[in-house]
$ cat input20.txt   # compact mmCIF, C-alpha atoms and all ligand atoms
# COMPACT_ATOMS: atom_id res chain seq x y z
CA MET K 1 42.61 50.71 46.57
CA ARG K 2 40.67 53.57 44.96
CA ILE K 3 40.54 53.89 41.17
CA LEU K 4 39.35 56.86 39.15
CA ALA K 5 37.67 55.27 36.13
CA ILE K 6 36.86 56.86 32.79
CA GLU K 7 34.43 55.54 30.17
CA THR K 8 33.91 57.34 26.86
CA SER K 9 33.72 54.52 24.32
CA CYS K 10 30.37 55.44 22.77
CA ASP K 11 27.90 58.17 23.74
CA GLU K 12 28.08 58.20 27.53
CA THR K 13 30.68 60.26 29.35
CA SER K 14 31.05 58.48 32.67
CA LEU K 15 33.47 58.89 35.57
CA ALA K 16 33.55 56.89 38.77
CA LEU K 17 35.55 56.30 41.92
CA VAL K 18 35.64 52.59 42.74
CA ASP K 19 37.23 50.93 45.77
CA ASN K 20 38.83 47.47 45.62
CA GLY K 21 36.97 46.36 42.50
CA ARG K 22 33.57 46.41 44.19
CA THR K 23 32.45 49.54 46.01
CA VAL K 24 31.23 52.38 43.84
CA VAL K 25 32.05 55.46 45.90
CA SER K 26 30.61 57.80 43.32
CA MET K 27 29.71 57.94 39.67
CA ASP K 28 28.55 60.63 37.33
CA THR K 29 27.33 59.89 33.82
CA ALA K 30 26.39 62.41 31.16
CA SER K 31 24.15 60.89 28.52
CA GLN K 32 24.06 62.16 24.94
CA GLU K 33 20.79 60.53 23.93
CA LEU K 34 19.10 63.80 23.02
CA TYR K 35 21.98 64.87 20.77
CA HIS K 36 21.68 61.75 18.59
CA ARG K 37 17.92 61.28 18.62
CA ALA K 38 17.29 63.34 15.49
CA PHE K 39 19.64 61.01 13.56
CA GLY K 40 18.15 57.75 14.85
CA GLY K 41 21.56 56.52 16.01
CA VAL K 42 24.90 57.65 17.44
CA VAL K 43 26.78 60.08 15.18
CA PRO K 44 30.49 59.45 15.94
CA GLU K 45 31.72 63.00 15.46
CA ILE K 46 28.96 64.51 17.59
CA ALA K 47 29.73 61.92 20.27
CA ALA K 48 33.44 62.79 20.36
CA ARG K 49 32.79 66.53 20.49
CA ARG K 50 30.28 66.14 23.27
CA HIS K 51 32.70 64.03 25.34
CA LEU K 52 35.18 66.86 25.02
CA GLU K 53 32.60 69.37 26.24
CA VAL K 54 31.34 67.46 29.25
CA PHE K 55 34.47 65.67 30.45
CA TYR K 56 35.52 68.28 32.96
CA PRO K 57 32.07 68.93 34.51
CA THR K 58 31.49 65.17 34.76
CA LEU K 59 34.84 64.65 36.49
CA LYS K 60 34.03 67.51 38.83
CA ALA K 61 30.59 66.12 39.69
CA CYS K 62 32.06 62.67 40.30
CA LEU K 63 34.69 64.04 42.67
CA THR K 64 32.22 66.28 44.44
CA LYS K 65 29.86 63.40 45.09
CA GLY K 66 32.61 61.03 46.10
CA VAL K 67 35.32 62.64 48.13
CA ALA K 68 34.45 66.19 48.97
CA ALA K 69 32.94 65.36 52.34
CA SER K 70 36.13 63.89 53.74
CA LEU K 71 38.45 66.66 52.68
CA SER K 72 39.34 70.14 53.70
CA ALA K 73 38.79 71.22 50.12
CA GLU K 74 35.11 70.35 50.59
CA LYS K 75 33.74 73.83 50.72
CA THR K 76 35.61 75.11 47.73
CA ILE K 77 34.60 72.17 45.63
CA GLN K 78 30.95 72.14 46.60
CA ASN K 79 30.69 75.83 45.90
CA ALA K 80 32.36 75.34 42.59
CA SER K 81 29.82 72.70 41.66
CA SER K 82 26.64 74.18 42.97
CA SER K 83 25.58 75.58 39.61
CA ASN K 84 26.40 72.33 37.90
CA LYS K 85 23.21 70.38 37.20
CA GLN K 86 23.83 66.71 36.50
CA HIS K 87 23.43 65.60 32.87
CA ASN K 88 22.90 69.13 31.69
CA TYR K 89 26.38 70.52 31.45
CA ASN K 90 27.10 73.64 29.54
CA HIS K 91 30.78 73.93 28.72
CA LYS K 92 30.41 77.65 28.08
CA GLU K 93 30.12 78.13 31.86
CA TYR K 94 33.68 76.95 32.26
CA ASN K 95 36.04 79.74 31.41
CA LEU K 96 39.72 79.57 32.20
CA LYS K 97 39.48 81.93 35.14
CA ALA K 98 36.81 79.87 36.90
CA LEU K 99 38.72 76.71 36.14
CA SER K 100 42.01 78.00 37.55
CA SER K 101 40.48 79.18 40.81
CA HIS K 102 39.40 75.66 41.75
CA ARG K 103 42.16 73.74 40.06
CA ASP K 104 44.37 73.32 43.09
CA ALA K 105 41.52 72.01 45.22
CA TYR K 106 40.65 69.38 42.63
CA LEU K 107 44.23 68.34 42.10
CA THR K 108 44.67 67.91 45.84
CA VAL K 109 41.58 65.73 46.01
CA LEU K 110 42.78 63.60 43.14
CA LYS K 111 46.37 63.32 44.30
CA ASN K 112 45.50 62.44 47.89
CA THR K 113 42.65 60.03 47.40
CA ILE K 114 43.13 57.94 44.29
CA ASP K 115 45.65 55.18 43.70
CA ALA K 116 45.31 54.64 39.96
CA ILE K 117 43.49 55.82 36.84
CA ALA K 118 41.63 53.42 34.54
CA VAL K 119 40.21 54.07 31.10
CA THR K 120 38.38 52.14 28.37
CA THR K 121 40.77 51.53 25.47
CA HIS K 122 38.64 49.26 23.24
CA PRO K 123 36.35 48.63 21.51
CA GLY K 124 34.36 51.74 20.68
CA LEU K 125 34.10 54.80 18.47
CA ILE K 126 37.65 55.93 17.88
CA GLY K 127 37.00 59.67 18.32
CA SER K 128 35.18 59.02 21.60
CA LEU K 129 37.97 56.72 22.83
CA PHE K 130 40.57 59.37 22.01
CA VAL K 131 38.90 61.88 24.32
CA GLY K 132 38.82 59.51 27.30
CA THR K 133 42.29 58.03 26.80
CA ASN K 134 43.91 61.43 26.29
CA ALA K 135 42.29 62.75 29.44
CA ALA K 136 43.39 59.64 31.35
CA LYS K 137 46.98 59.95 30.13
CA SER K 138 47.12 63.64 31.08
CA LEU K 139 45.73 62.96 34.55
CA ALA K 140 48.09 60.01 35.11
CA TYR K 141 51.06 62.15 34.05
CA LEU K 142 50.03 65.13 36.12
CA LEU K 143 49.17 63.16 39.24
CA GLU K 144 51.95 60.57 38.85
CA LYS K 145 49.53 57.66 39.19
CA PRO K 146 49.55 54.24 37.47
CA LEU K 147 47.42 54.04 34.31
CA ILE K 148 45.33 50.98 33.43
CA GLY K 149 43.79 50.42 29.98
CA VAL K 150 40.60 48.37 30.13
CA SER K 151 38.51 46.30 27.71
CA HIS K 152 34.96 47.65 27.60
CA LEU K 153 33.64 44.15 26.93
CA LYS K 154 35.38 42.46 29.85
CA ALA K 155 34.12 45.32 32.00
CA HIS K 156 30.50 44.70 30.93
CA PHE K 157 30.83 41.03 31.96
CA TYR K 158 32.43 42.12 35.24
CA SER K 159 29.46 44.41 36.02
CA LEU K 160 27.62 41.18 36.92
CA VAL K 161 30.17 40.36 39.64
CA MET K 162 29.70 43.83 41.13
CA THR K 163 26.10 42.90 42.00
CA GLY K 164 27.50 40.40 44.52
CA LYS K 165 24.95 37.87 43.22
CA ILE K 166 27.11 35.76 40.91
CA THR K 167 30.34 33.78 41.32
CA PHE K 168 32.87 32.40 38.85
CA PRO K 169 32.46 30.53 36.58
CA TYR K 170 29.25 31.80 35.00
CA LEU K 171 27.70 32.17 31.58
CA GLY K 172 27.68 35.81 30.59
CA LEU K 173 25.39 37.19 27.92
CA LEU K 174 26.30 40.70 26.84
CA VAL K 175 23.54 42.31 24.78
CA SER K 176 23.93 45.97 23.95
CA GLY K 177 23.68 48.41 21.06
CA GLY K 178 27.12 47.35 19.83
CA HIS K 179 27.54 43.75 20.97
CA THR K 180 25.85 40.40 21.32
CA ILE K 181 28.28 37.97 22.97
CA LEU K 182 27.88 34.76 24.92
CA ALA K 183 30.93 33.90 27.02
CA LEU K 184 32.03 31.51 29.69
CA VAL K 185 33.46 33.85 32.32
CA LYS K 186 36.09 32.02 34.37
CA THR K 187 37.76 34.90 36.21
CA PRO K 188 37.51 38.70 35.77
CA LEU K 189 40.13 38.61 33.02
CA GLU K 190 39.72 35.11 31.62
CA LEU K 191 36.76 34.69 29.29
CA GLU K 192 36.01 32.14 26.61
CA VAL K 193 33.80 33.51 23.84
CA LEU K 194 31.22 30.87 22.94
CA GLY K 195 29.32 32.88 20.37
CA SER K 196 28.77 36.38 19.08
CA THR K 197 26.71 38.06 16.41
CA LEU K 198 27.62 37.37 12.81
CA ASP K 199 26.23 40.72 11.69
CA ASP K 200 24.17 43.30 13.65
CA ALA K 201 23.98 43.55 17.42
CA CYS K 202 20.68 42.82 19.16
CA GLY K 203 20.26 46.37 20.58
CA GLU K 204 21.18 47.88 17.22
CA CYS K 205 18.39 45.79 15.65
CA PHE K 206 15.91 47.06 18.27
CA ASP K 207 16.98 50.61 17.39
CA LYS K 208 16.59 50.07 13.62
CA ILE K 209 13.14 48.51 14.03
CA ALA K 210 12.14 51.34 16.35
CA ARG K 211 13.11 53.81 13.66
CA ALA K 212 10.98 51.94 11.10
CA LEU K 213 8.07 52.10 13.56
CA GLU K 214 8.67 55.84 14.03
CA LEU K 215 9.67 55.46 17.67
CA PRO K 216 12.37 57.64 19.26
CA TYR K 217 16.03 56.60 19.58
CA PRO K 218 17.21 54.55 21.42
CA GLY K 219 14.31 52.28 20.60
CA GLY K 220 14.66 49.23 22.85
CA ALA K 221 12.57 50.47 25.75
CA ALA K 222 9.97 52.00 23.40
CA ILE K 223 9.56 48.68 21.55
CA GLU K 224 9.18 46.81 24.84
CA GLU K 225 6.50 49.28 25.91
CA LEU K 226 4.61 49.10 22.59
CA ALA K 227 4.87 45.29 22.56
CA ARG K 228 2.88 45.08 25.80
CA THR K 229 -0.32 45.86 23.90
CA GLY K 230 0.53 43.72 20.86
CA ASP K 231 0.01 40.08 19.92
CA GLU K 232 3.39 38.33 19.58
CA THR K 233 1.87 35.59 17.40
CA TYR K 234 0.44 38.07 14.86
CA PHE K 235 3.52 37.92 12.59
CA THR K 236 5.89 35.00 12.25
CA TYR K 237 9.36 36.46 11.96
CA PRO K 238 12.46 34.30 11.41
CA ILE K 239 14.35 33.12 14.48
CA PHE K 240 18.05 32.52 13.89
CA ARG K 241 18.95 28.96 14.89
CA PRO K 242 22.55 27.88 14.23
CA GLN K 243 23.19 24.19 13.69
CA GLN K 244 23.78 22.50 17.03
CA ASN K 245 26.74 20.57 15.69
CA LYS K 246 29.46 20.21 18.32
CA LEU K 247 32.14 20.67 15.70
CA SER K 248 30.76 23.99 14.53
CA ARG K 249 32.40 27.06 16.00
CA TYR K 250 29.24 28.99 15.21
CA ARG K 251 26.78 26.86 17.15
CA TYR K 252 26.21 29.60 19.74
CA ALA K 253 26.31 32.44 17.22
CA PHE K 254 23.60 35.07 16.82
CA SER K 255 22.31 36.92 13.77
CA TYR K 256 20.01 39.90 13.41
CA SER K 257 20.24 41.12 9.82
CA GLY K 258 17.66 38.61 8.48
CA LEU K 259 15.19 39.47 11.21
CA LYS K 260 15.77 43.18 10.63
CA THR K 261 15.02 42.86 6.92
CA ALA K 262 11.91 40.77 7.55
CA VAL K 263 10.47 43.25 10.05
CA ILE K 264 11.34 46.35 8.06
CA HIS K 265 9.41 44.88 5.17
CA ASN K 266 6.42 45.00 7.49
CA SER K 267 6.99 48.53 8.61
CA PRO K 268 4.72 51.48 7.84
CA ARG K 269 7.49 53.29 6.03
CA TYR K 270 8.09 50.40 3.65
CA LEU K 271 4.46 49.49 3.07
CA THR K 272 2.99 52.95 2.58
CA THR K 273 2.67 52.47 -1.14
CA PRO K 274 -0.41 52.73 -3.38
CA TYR K 275 -0.93 49.00 -2.84
CA HIS K 276 -1.04 49.12 0.93
CA THR K 277 -3.02 52.21 1.79
CA ASP K 278 -5.77 50.24 3.48
CA PHE K 279 -3.59 49.20 6.46
CA ASN K 280 -4.25 50.76 9.81
CA TRP K 281 -0.71 51.25 11.04
CA ASP K 282 -1.57 52.38 14.50
CA THR K 283 -3.31 49.04 15.05
CA LEU K 284 -0.53 46.99 13.47
CA LYS K 285 2.50 48.61 15.14
CA PRO K 286 2.09 46.94 18.56
CA HIS K 287 1.79 43.54 16.84
CA ILE K 288 4.96 44.19 14.83
CA ALA K 289 6.76 45.25 18.02
CA ALA K 290 5.58 42.21 20.00
CA SER K 291 6.31 39.69 17.23
CA PHE K 292 9.74 41.25 16.59
CA GLN K 293 10.66 41.33 20.26
CA LYS K 294 9.79 37.67 20.66
CA ALA K 295 11.90 36.63 17.65
CA ALA K 296 14.85 38.86 18.65
CA LEU K 297 14.99 37.63 22.24
CA THR K 298 14.24 33.96 21.57
CA GLN K 299 17.61 33.34 19.91
CA LEU K 300 19.34 34.79 22.97
CA VAL K 301 17.46 32.41 25.22
CA GLU K 302 17.92 29.32 23.04
CA GLN K 303 21.65 29.70 22.49
CA THR K 304 22.33 30.57 26.13
CA LEU K 305 20.34 27.67 27.52
CA ALA K 306 21.92 25.23 25.05
CA ALA K 307 25.38 26.35 26.23
CA ALA K 308 24.31 26.09 29.88
CA ARG K 309 23.21 22.53 29.30
CA GLU K 310 26.33 21.53 27.42
CA LEU K 311 28.72 23.09 29.93
CA GLY K 312 26.67 22.24 33.02
CA ILE K 313 26.69 25.86 34.15
CA THR K 314 23.80 26.98 36.35
CA GLN K 315 24.51 30.71 36.74
CA ILE K 316 23.56 33.01 33.91
CA GLY K 317 24.34 36.72 33.95
CA ILE K 318 22.76 39.07 31.45
CA CYS K 319 24.34 42.50 30.97
CA GLY K 320 24.32 45.43 28.51
CA GLY K 321 21.42 47.75 27.68
CA VAL K 322 19.07 45.02 26.36
CA ALA K 323 19.30 43.28 29.76
CA ALA K 324 16.87 45.99 30.92
CA ASN K 325 14.17 44.23 28.89
CA LYS K 326 11.79 42.51 31.29
CA TYR K 327 10.34 40.21 28.66
CA LEU K 328 13.79 38.65 28.18
CA LYS K 329 13.74 37.32 31.73
CA THR K 330 10.17 36.07 31.25
CA LEU K 331 11.30 34.14 28.17
CA PHE K 332 14.23 32.63 30.06
CA ASN K 333 11.94 31.53 32.86
CA LYS K 334 9.39 30.05 30.46
CA ALA K 335 12.05 28.19 28.47
CA HIS K 336 13.49 26.22 31.33
CA LEU K 337 10.32 25.23 33.13
CA PRO K 338 11.20 21.77 34.50
CA LYS K 339 8.22 20.00 32.92
CA LYS K 340 8.66 21.47 29.48
CA LYS K 341 9.21 18.99 26.67
CA ASN K 342 12.67 19.21 25.06
CA ASN K 343 13.82 21.24 28.02
CA LEU K 344 16.98 23.03 27.02
CA ALA K 345 18.63 23.72 30.32
CA PRO K 346 19.52 22.40 33.76
CA ALA K 347 16.68 22.80 36.26
CA ASN K 348 18.39 24.89 38.92
CA LEU K 349 19.35 27.90 36.81
CA THR K 350 19.73 31.34 38.35
CA TYR K 351 19.65 34.61 36.41
CA VAL K 352 21.40 37.78 37.42
CA THR K 353 20.95 41.20 35.83
CA PRO K 354 22.77 44.28 37.12
CA PRO K 355 20.78 47.39 38.07
CA LEU K 356 20.10 49.70 35.11
CA GLU K 357 23.00 52.08 35.83
CA LEU K 358 25.40 49.12 35.61
CA CYS K 359 23.67 47.64 32.52
CA THR K 360 24.20 50.64 30.28
CA ASP K 361 27.67 52.09 29.65
CA ASN K 362 29.21 53.25 32.90
CA ALA K 363 32.58 53.93 34.52
CA ALA K 364 31.81 51.85 37.64
CA MET K 365 32.43 48.60 35.73
CA ILE K 366 35.66 50.05 34.30
CA GLY K 367 36.93 50.92 37.79
CA GLY K 368 35.75 47.53 39.06
CA ILE K 369 37.63 45.38 36.59
CA ALA K 370 40.66 47.71 36.55
CA TYR K 371 41.41 46.55 40.09
CA HIS K 372 41.92 43.02 38.72
CA TYR K 373 44.11 44.30 35.88
CA TYR K 374 46.16 46.01 38.59
CA LEU K 375 46.44 42.84 40.69
CA ALA K 376 47.53 40.95 37.55
CA GLY K 377 50.23 43.57 36.91
CA ALA K 378 48.52 44.79 33.73
CA VAL K 379 49.45 48.44 34.23
CA CYS K 380 50.93 50.68 31.49
CA GLU K 381 54.70 50.70 31.71
CA ASN K 382 54.85 53.88 29.73
CA ILE K 383 51.63 55.87 29.87
CA PHE K 384 52.30 57.39 26.46
CA ASP K 385 52.09 53.93 24.91
CA LEU K 386 48.41 53.57 25.76
CA THR K 387 46.52 53.51 22.47
CA PRO K 388 42.79 53.05 21.90
CA THR K 389 41.52 50.67 19.23
CA ALA K 390 38.09 50.88 17.63
CA LYS K 391 37.48 47.28 16.75
CA SER K 392 37.07 43.92 18.24
CA PHE K 393 36.45 41.46 15.47
CA LYS K 394 33.02 40.01 15.21
CA ARG K 395 33.91 36.42 14.31
CA ASP K 396 37.27 36.04 16.02
CA LEU K 397 36.37 38.30 18.84
CA VAL K 398 39.22 39.89 20.77
CA LEU K 399 38.07 40.84 24.24
O1 LIG P 1 24.75 49.00 26.82
P1 LIG P 1 24.09 50.17 26.14
O2 LIG P 1 23.57 51.27 26.99
O3 LIG P 1 25.05 50.86 25.14
C1 LIG P 1 25.85 50.20 24.25
O4 LIG P 1 25.36 49.93 23.16
O5 LIG P 1 27.01 49.90 24.63
O6 LIG P 1 22.91 49.55 25.26
C2 LIG P 1 22.04 50.36 24.53
C3 LIG P 1 21.12 49.46 23.75
C4 LIG P 1 20.28 50.24 22.75
O7 LIG P 1 20.37 49.60 21.52
C5 LIG P 1 18.88 50.16 23.34
O8 LIG P 1 17.86 50.18 22.36
C6 LIG P 1 18.91 48.83 24.05
O9 LIG P 1 20.20 48.78 24.63
N1 LIG P 1 17.87 48.74 25.09
C7 LIG P 1 16.86 47.85 25.07
C8 LIG P 1 16.05 48.14 26.19
N2 LIG P 1 16.62 49.19 26.86
C9 LIG P 1 17.73 49.55 26.17
N3 LIG P 1 16.58 46.87 24.21
C10 LIG P 1 15.47 46.12 24.45
N4 LIG P 1 14.63 46.36 25.50
C11 LIG P 1 14.89 47.34 26.39
N5 LIG P 1 14.06 47.54 27.41
ZN ZN P 2 28.80 49.01 26.26

$ encode --input "input20.txt" --output "structure tokens"
Amino acid sequence: MRILAIETSCDETSLALVDNGRTVVSMDTASQELYHRAFGGVVPEIAARRHLEVFYPTLKACLTKGVAASLSAEKTIQNASSSNKQHNYNHKEYNLKALSSHRDAYLTVLKNTIDAIAVTTHPGLIGSLFVGTNAAKSLAYLLEKPLIGVSHLKAHFYSLVMTGKITFPYLGLLVSGGHTILALVKTPLELEVLGSTLDDACGECFDKIARALELPYPGGAAIEELARTGDETYFTYPIFRPQQNKLSRYRYAFSYSGLKTAVIHNSPRYLTTPYHTDFNWDTLKPHIAASFQKAALTQLVEQTLAAARELGITQIGICGGVAANKYLKTLFNKAHLPKKKNNLAPANLTYVTPPLELCTDNAAMIGGIAYHYYLAGAVCENIFDLTPTAKSFKRDLVL
């Protein structure tokens, strides 16, 4: 079964063709990073407008990569796309005349090769979600295909299964710019949330600290890079440790606002006052980055390993943008060394991280999990009823 998947929940416009929940036939993702960099974070209205601009070229590139070769429409489509550089779409190139001349070829490709359309419905920025869901509804109506609304969070956890390196049940740790969630993943659609952040998300905290250190957005990778030359013991920042009381529903929770405040009070911007002019910031910044990174990632490791021990789970999957951080894996490995005193976790743990293109927001994971929604009969009865929702609640998280 081939699914055309659409992801527009934040600042990536991504389309993919995915077969039987596993095989990514093609994917095209347009990133908006450069559009938001000047603001140090994602600006919702800019994100929505940009999705609108790049949706069609991204769809076209995805189809061209994926199905053109096997179809008679091949030539027309490849010609139509030859001027279309990936990730650098200019909507002004697409006038109505050009669009109409290739429309039939694209519709034929879509109608003949896909079995269903899937789209992220929640959570996310509402304007961004509107663009993707409206496009999905229009395509489903036009092509007379089933429409499947998908949870972005369940899809992130499912991206781990698509690596082929993890089996159910596993402990999933989703760490991105918007979410920090630890869950016991029992099946693609059945997840038990063990803990989530009580305030900021881990990636969001990396981005805020990066801004204080005058690093470009998004800041996670830049902090990791800077931390390599710093001393992680230079500053002692607070590490959030919830009470390990079995009766507490927050025992696997995370928190980043305290750490953020502590680090920002160390930042050049905050300390450049008449009293602190003698600091050499260029020397201090790597130490701030390294000490922050250690504190931010340690709570992820501690809570995850404590849950692994309590539940007797030996497979841990880490997904979301922060999973790209190599030091996180080093910390996990250090923490469960068999001879370590007060060892937190079972000895035979395995860690799985998806490749980068499946860690960050992508349509492949949407198409992957949509197959399981389809098998479970979770398909829209009336496509016009499909409605996006911005929120999933932080404490009583709705996946
Ligand atoms: O999953 P993602 O691409 O988007 C969503 O937020 O859904 O995650 C982006 C987040 C950003 O906050 C970024 O700073 C963080 O992932 N990130 C990292 C690293 N690479 C990306 N954080 C720490 N270390 C990294 N190497
Ligand atoms: Zn995401």

$ residues_near_ligand --input "input20.txt" --ligand "ligand ZN 2 (chain P)" --cutoff "9 Å" --atoms "all atoms listed in the file" --output "PyMOL selection string"
chain K and resi 9-10+123-124+152-153+155-156+174-179+320-321+359-362

$ closest_residue --input "input20.txt" --among "K:Ala378, K:Cys62, K:Ile318, K:Ala390" --to "Tyr158 (chain K)" --atoms "only C-alpha atoms"
K:Ile318

$ axis_aligned_box --input "input20.txt" --around "region 217-228 of chain K" --padding-each-side "5 Å" --output "JSON"
{"center_x": 10.0, "center_y": 50.8, "center_z": 22.7, "size_x": 24.3, "size_y": 21.5, "size_z": 16.3}

$ closest_residue --input "input20.txt" --among "K:Gly258, K:Gly220, K:Pro355, K:Pro188" --to "ligand LIG 1 (chain P)" --atoms "all atoms listed in the file"
K:Gly220

$ closest_residue --input "input20.txt" --among "K:Ala295, K:Ala222, K:Leu110, K:Leu191" --to "Arg241 (chain K)" --atoms "all atoms listed in the file"
K:Ala295

$ closest_residue --input "input20.txt" --among "K:Ser267, K:Thr353, K:Thr304, K:Thr261" --to "Ala323 (chain K)" --atoms "all atoms listed in the file"
K:Thr353

$ closest_residue --input "input20.txt" --among "K:Pro218, K:Gly203, K:Gly195, K:Gly149" --to "Ser31 (chain K)" --atoms "only C-alpha atoms"
K:Pro218
